[in-house]
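Engineer: Dropping in final-v9.txt, which is compact mmCIF, C-alpha atoms:
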# COMPACT_ATOMS: atom_id res chain seq x y z
CA MET Z 53 16.60 -26.94 9.16
CA SER Z 54 18.54 -23.76 8.47
CA GLU Z 55 17.72 -20.42 10.10
CA SER Z 56 16.75 -19.09 6.65
CA THR Z 57 14.24 -21.89 6.15
CA GLU Z 58 12.80 -21.34 9.63
CA LEU Z 59 12.39 -17.59 9.01
CA ILE Z 60 10.72 -18.20 5.65
CA GLN Z 61 8.34 -20.75 7.15
CA GLU Z 62 7.41 -18.33 9.96
CA ILE Z 63 6.64 -15.58 7.45
CA LEU Z 64 4.67 -17.93 5.21
CA GLY Z 65 2.75 -19.30 8.17
CA SER Z 66 1.75 -15.82 9.26
CA ILE Z 67 0.22 -15.06 5.85
CA GLY Z 68 -1.45 -18.44 5.47
CA GLN Z 69 0.83 -19.89 2.82
CA PRO Z 70 2.07 -23.49 2.96
CA ALA Z 71 5.56 -24.05 4.42
CA ASP Z 72 6.89 -25.29 1.07
CA TYR Z 73 5.64 -22.26 -0.93
CA ARG Z 74 8.55 -20.61 -2.71
CA THR Z 75 8.90 -17.86 -5.27
CA ASP Z 76 12.17 -17.64 -7.17
CA ALA Z 77 13.12 -14.68 -4.96
CA LEU Z 78 12.38 -16.58 -1.72
CA GLN Z 79 14.35 -19.56 -2.99
CA LEU Z 80 17.38 -17.38 -3.74
CA LEU Z 81 17.24 -15.79 -0.28
CA GLU Z 82 16.95 -19.21 1.32
CA THR Z 83 19.73 -20.83 -0.72
CA GLY Z 84 22.06 -17.92 0.02
CA GLU Z 85 21.08 -18.00 3.70
CA SER Z 86 20.59 -14.27 3.42
CA ARG Z 87 20.80 -12.18 6.57
CA TYR Z 88 18.15 -9.99 4.93
CA LEU Z 89 15.49 -12.53 5.90
CA ARG Z 90 15.63 -11.31 9.52
CA ASP Z 91 15.04 -7.72 8.37
CA PHE Z 92 12.39 -8.92 5.94
CA LYS Z 93 10.45 -10.69 8.70
CA LEU Z 94 10.61 -7.67 11.03
CA ASN Z 95 9.72 -5.22 8.27
CA PHE Z 96 6.75 -7.31 7.22
CA SER Z 97 5.45 -7.66 10.77
CA SER Z 98 5.79 -3.89 11.26
CA THR Z 99 3.21 -3.27 8.51
CA LEU Z 100 0.60 -3.95 11.18
CA THR Z 101 2.07 -1.80 13.96
CA SER Z 102 1.91 1.93 14.37
CA GLU Z 103 1.50 4.46 17.14
CA HIS Z 104 -0.42 6.70 14.75
CA VAL Z 105 -2.49 4.33 12.59
CA SER Z 106 -4.98 1.84 14.08
CA ALA Z 107 -4.68 -1.91 13.47
CA LYS Z 108 -7.70 -1.82 11.15
CA GLU Z 109 -6.22 1.12 9.23
CA CYS Z 110 -2.84 -0.65 8.94
CA ALA Z 111 -4.60 -3.66 7.41
CA LEU Z 112 -6.65 -1.50 5.01
CA LEU Z 113 -3.51 0.36 3.93
CA GLY Z 114 -1.83 -3.01 3.42
CA LEU Z 115 -4.79 -4.26 1.40
CA SER Z 116 -4.97 -1.18 -0.80
CA THR Z 117 -1.23 -1.42 -1.47
CA ALA Z 118 -1.43 -5.18 -2.19
CA VAL Z 119 -4.29 -4.56 -4.66
CA ASN Z 120 -2.30 -1.74 -6.27
CA ASN Z 121 0.62 -4.14 -6.65
CA GLN Z 122 -1.59 -7.04 -7.84
CA ASN Z 123 -0.30 -9.35 -5.10
CA LYS Z 124 -2.80 -12.16 -4.48
CA PRO Z 125 -1.25 -13.69 -1.32
CA LEU Z 126 -0.99 -10.27 0.33
CA ILE Z 127 -4.51 -9.27 -0.78
CA GLN Z 128 -5.84 -12.37 0.96
CA TYR Z 129 -3.72 -11.78 4.06
CA TYR Z 130 -4.60 -8.10 4.56
CA THR Z 131 -8.29 -8.74 3.83
CA THR Z 132 -8.33 -11.35 6.60
CA VAL Z 133 -6.48 -9.07 9.03
CA ALA Z 134 -8.73 -6.10 8.20
CA LYS Z 135 -11.85 -8.18 8.91
CA GLN Z 136 -10.30 -9.52 12.13
CA ASN Z 137 -9.94 -5.87 13.14
CA GLU Z 138 -13.63 -5.17 12.44
CA ALA Z 139 -13.35 -3.71 8.95
CA THR Z 140 -16.69 -3.93 7.18
CA ASP Z 141 -17.13 -5.35 3.69
CA ALA Z 142 -17.74 -1.78 2.52
CA GLU Z 143 -14.44 -0.59 4.02
CA VAL Z 144 -12.57 -3.50 2.45
CA ALA Z 145 -14.20 -2.73 -0.91
CA GLU Z 146 -13.25 0.93 -0.55
CA ALA Z 147 -9.58 0.04 0.00
CA VAL Z 148 -9.75 -1.94 -3.26
CA GLY Z 149 -11.54 0.89 -5.06
CA CYS Z 150 -8.99 3.41 -3.80
CA ALA Z 151 -6.14 1.42 -5.35
CA SER Z 152 -7.93 1.22 -8.69
CA LEU Z 153 -8.97 4.88 -8.75
CA LEU Z 154 -5.51 6.09 -7.76
CA ALA Z 155 -3.91 3.95 -10.48
CA SER Z 156 -5.76 6.03 -13.08
CA ASN Z 157 -5.27 9.32 -11.26
CA ASN Z 158 -1.57 8.75 -10.71
CA ILE Z 159 -0.97 8.04 -14.40
CA PHE Z 160 -3.15 10.92 -15.54
CA TYR Z 161 -1.81 13.58 -13.19
CA ARG Z 162 1.78 12.40 -13.59
CA PHE Z 163 1.32 12.90 -17.35
CA ARG Z 164 0.04 16.43 -16.76
CA HIS Z 165 2.93 17.14 -14.40
CA PHE Z 166 5.58 15.70 -16.73
CA THR Z 167 4.41 17.58 -19.82
CA GLN Z 168 3.83 20.87 -17.99
CA LYS Z 169 1.56 22.02 -20.81
CA GLU Z 170 -1.20 24.40 -19.81
CA LYS Z 171 -3.47 22.94 -22.50
CA TYR Z 172 -3.61 19.55 -20.71
CA SER Z 173 -4.68 21.26 -17.49
CA GLN Z 174 -7.59 22.90 -19.31
CA ILE Z 175 -9.01 19.70 -20.81
CA PRO Z 176 -11.49 17.97 -18.44
CA ALA Z 177 -10.08 14.77 -16.94
CA ARG Z 178 -13.34 12.82 -17.41
CA ILE Z 179 -12.36 10.41 -14.64
CA ARG Z 180 -15.23 9.57 -12.27
CA MET Z 181 -14.18 10.02 -8.65
CA GLN Z 182 -17.43 9.70 -6.68
CA LEU Z 183 -15.67 7.30 -4.32
CA MET Z 184 -13.66 10.25 -2.98
CA MET Z 185 -16.73 12.37 -2.21
CA LYS Z 186 -18.21 10.45 0.74
CA PRO Z 187 -15.89 7.56 1.58
CA VAL Z 188 -17.17 4.99 4.07
CA THR Z 189 -13.75 5.00 5.75
CA GLY Z 190 -14.02 8.78 6.21
CA LYS Z 191 -12.46 11.63 4.25
CA GLU Z 192 -9.24 11.72 6.27
CA PHE Z 193 -8.47 8.02 6.00
CA PHE Z 194 -9.36 7.88 2.30
CA GLU Z 195 -6.92 10.74 1.73
CA LEU Z 196 -4.31 8.79 3.73
CA MET Z 197 -4.79 5.69 1.55
CA SER Z 198 -4.69 7.89 -1.56
CA LEU Z 199 -1.43 9.45 -0.44
CA ALA Z 200 0.14 6.05 0.30
CA ILE Z 201 -0.85 4.63 -3.10
CA SER Z 202 0.33 7.80 -4.85
CA ALA Z 203 3.70 7.46 -3.11
CA VAL Z 204 3.99 3.83 -4.25
CA ASN Z 205 3.07 4.85 -7.80
CA GLY Z 206 5.50 7.77 -7.79
CA CYS Z 207 3.09 10.61 -8.60
CA GLU Z 208 4.62 13.78 -7.15
CA MET Z 209 1.61 15.93 -7.96
CA CYS Z 210 -0.81 13.52 -6.23
CA VAL Z 211 1.47 13.00 -3.23
CA ASN Z 212 1.68 16.76 -2.70
CA ALA Z 213 -2.07 17.28 -3.18
CA HIS Z 214 -3.07 14.49 -0.77
CA GLU Z 215 -0.48 15.48 1.82
CA ASP Z 216 -1.72 19.08 1.68
CA SER Z 217 -5.34 17.91 2.11
CA LEU Z 218 -4.35 15.76 5.08
CA ILE Z 219 -2.53 18.60 6.81
CA LYS Z 220 -5.59 20.82 6.28
CA LEU Z 221 -7.75 18.07 7.81
CA GLY Z 222 -5.53 18.12 10.90
CA THR Z 223 -3.60 14.90 10.25
CA THR Z 224 -0.24 14.73 11.97
CA GLU Z 225 2.93 14.33 9.93
CA GLU Z 226 3.72 11.22 11.99
CA ARG Z 227 0.46 9.58 10.85
CA ILE Z 228 1.19 10.52 7.23
CA PHE Z 229 4.74 9.20 7.52
CA ASP Z 230 3.56 5.89 9.00
CA ALA Z 231 1.01 5.35 6.23
CA VAL Z 232 3.71 5.75 3.58
CA ARG Z 233 6.08 3.55 5.60
CA ILE Z 234 3.45 0.79 5.70
CA ALA Z 235 2.82 1.03 1.95
CA SER Z 236 6.54 0.91 1.23
CA LEU Z 237 7.02 -2.22 3.35
CA VAL Z 238 4.01 -3.97 1.82
CA THR Z 239 5.51 -3.21 -1.60
CA ALA Z 240 8.90 -4.56 -0.47
CA THR Z 241 7.23 -7.75 0.81
CA GLY Z 242 5.57 -8.19 -2.56
CA LYS Z 243 8.94 -8.32 -4.32
CA VAL Z 244 9.61 -11.61 -2.56
CA ILE Z 245 6.13 -13.10 -1.89
CA PHE Z 246 3.73 -12.96 -4.82
Turn the structure described in the file into structure tokens.
Structural biologist:
Amino acid sequence: MSESTELIQEILGSIGQPADYRTDALQLLETGESRYLRDFKLNFSSTLTSEHVSAKECALLGLSTAVNNQNKPLIQYYTTVAKQNEATDAEVAEAVGCASLLASNNIFYRFRHFTQKEKYSQIPARIRMQLMMKPVTGKEFFELMSLAISAVNGCEMCVNAHEDSLIKLGTTEERIFDAVRIASLVTATGKVIF
């Protein structure tokens, strides 16, 4: 068995996928015996490690990002890990809700930002956001998830607004940075495993 095949099987085993599971992308990496697979494995495993974000929070960030990216294997994996780290059903549901809500917000506010027309800022958004008012995960962590999803979705206005809110709530820049790092690596994983 080649090193590439061993690395792929280790990664697949960790997320509960069968050893013979292959996407076209995984197959190409394996056939080419890509050195990237070592980085890929380490990057993926680092989605659950942080000095500034708890294990439960890492898993909820991973879940929210996987939902945002519509990645079924990663949704299942991060849900399992979140629950293993004592996330409640309500917290898991909130991570899912955050991804959905931010999908609409990121499109809407990116549109406002791109057009830069005052008129669009005056028209009510008419997007219900009660989930943001009293999140079960807490205001600070919900803002952190919102920032991470906004970064993945490329909404400058939302990234700046959530980052500003987090700073005002006393969140460290290291914690903010790690949340975005985790979301970026979950997204990268989803380009190969989906």
Engineer: So, with all atoms listed in the file as the atoms that count, which of Z:Gln122, Z:Ser56, Z:Ser106, Z:Gln168 lies closest to Ile245 in chain Z?
Structural biologist: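 Result for the nearest residue to Ile245 in chain Z: Z:Gln122.
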Engineer: Z:Met185, Z:Leu81, Z:Ala235, Z:Leu94: which is nearest Asn121 in chain Z, counting all atoms listed in the file?
Structural biologist: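 Nearest to Asn121 in chain Z: Z:Ala235.
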Engineer: Hey, could you make a per-residue contact list for range 144-216 of chain Z against range 128-132 of chain Z with 12 Å as the cut-off, showing the nearest pair of atoms and its distance in Å to one decimal, counting only C-alpha atoms, sorted by chain and number, as a tab-separated table?
Structural biologist:
residue	atom	partner	partner_atom	distance
Z:Val144	CA	Z:Thr131	CA	6.9
Z:Ala145	CA	Z:Thr131	CA	9.7
Z:Glu146	CA	Z:Thr131	CA	11.7
Z:Ala147	CA	Z:Thr131	CA	9.7
Z:Val148	CA	Z:Thr131	CA	9.9
Engineer: Quick one, how far is CA of Arg227 in chain Z from CA of Val244 in chain Z?
Structural biologist: 26.7 Å
Engineer: As an exercise, work out the distance from CA of Gln136 in chain Z to CA of Gly149 in chain Z in Å and give it to one decimal place.
Structural biologist: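 According to the coordinates, CA of Gln136 in chain Z and CA of Gly149 in chain Z are separated by 20.1 Å.
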Engineer: Set the distance at 9 Å and use all atoms listed in the file: which residues neighbour Cys150 in chain Z once local chain neighbours fewer than 5 positions away are removed? I'd like the list as a list in words.
Structural biologist: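 What passes the distance filter is Ser116, Asn120, Ala145, Ala155, Leu183, Met184, Phe194, Met197, Ser198 and Ile201 of chain Z.
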Engineer: Which value, in Å to one decimal, gives the distance between CA of Phe92 in chain Z and CA of Ser236 in chain Z?
Structural biologist: 12.4 Å
Engineer: Which one is closest to Glu192 in chain Z: Z:Lys220, Z:His104, Z:Arg180, Z:Lys171? Count only C-alpha atoms.
Structural biologist: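 Going through Z:Lys220, Z:His104, Z:Arg180, Z:Lys171 one by one, the smallest distance to Glu192 in chain Z is for Z:Lys220.
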Engineer: Please report, as JSON, the centre and edge lengths in Å to one decimal of an axis-aligned box covering all listed atoms of range 54-65 of chain Z with 8 Å per side.
Structural biologist:
{"center_x": 10.6, "center_y": -19.7, "center_z": 7.7, "size_x": 31.8, "size_y": 24.2, "size_z": 20.9}
Engineer: Taking into account all atoms listed in the file, which residue in the set Z:Glu215, Z:Glu82, Z:Glu225, Z:Asp141 is nearest to Leu112 in chain Z?
Structural biologist: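 Residue with the minimum atom-to-atom distance to Leu112 in chain Z: Z:Asp141.
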Engineer: Between Z:Ile60, Z:Ala240, Z:Ile234, Z:Val211, which is the closest to Tyr161 in chain Z once you count all atoms listed in the file?
Structural biologist: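 The answer is Z:Val211, which sits nearest to Tyr161 in chain Z.
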Engineer: Between Z:Ser66, Z:Thr57, Z:Thr239, Z:Ser202, which residue has the minimum interatomic distance to Gln79 in chain Z, considering all atoms listed in the file?
Structural biologist: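 Answer, going by the shortest atom-to-atom distance: Z:Thr57.
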Engineer: Counting all atoms listed in the file, what is within 8 Å of Phe96 in chain Z, bar same-chain residues fewer than 6 positions away, as a list of chain:residue names?
Structural biologist: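 What passes the distance filter is Z:Leu237, Z:Val238, Z:Thr241.
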Engineer: Could you give me, as a VMD selection string, the residues that sit within 9 Å of (2.1, 6.6, 10.0) in the file's coordinates, counting all atoms listed in the file?
Structural biologist: chain Z and resid 102 to 105 110 224 to 234
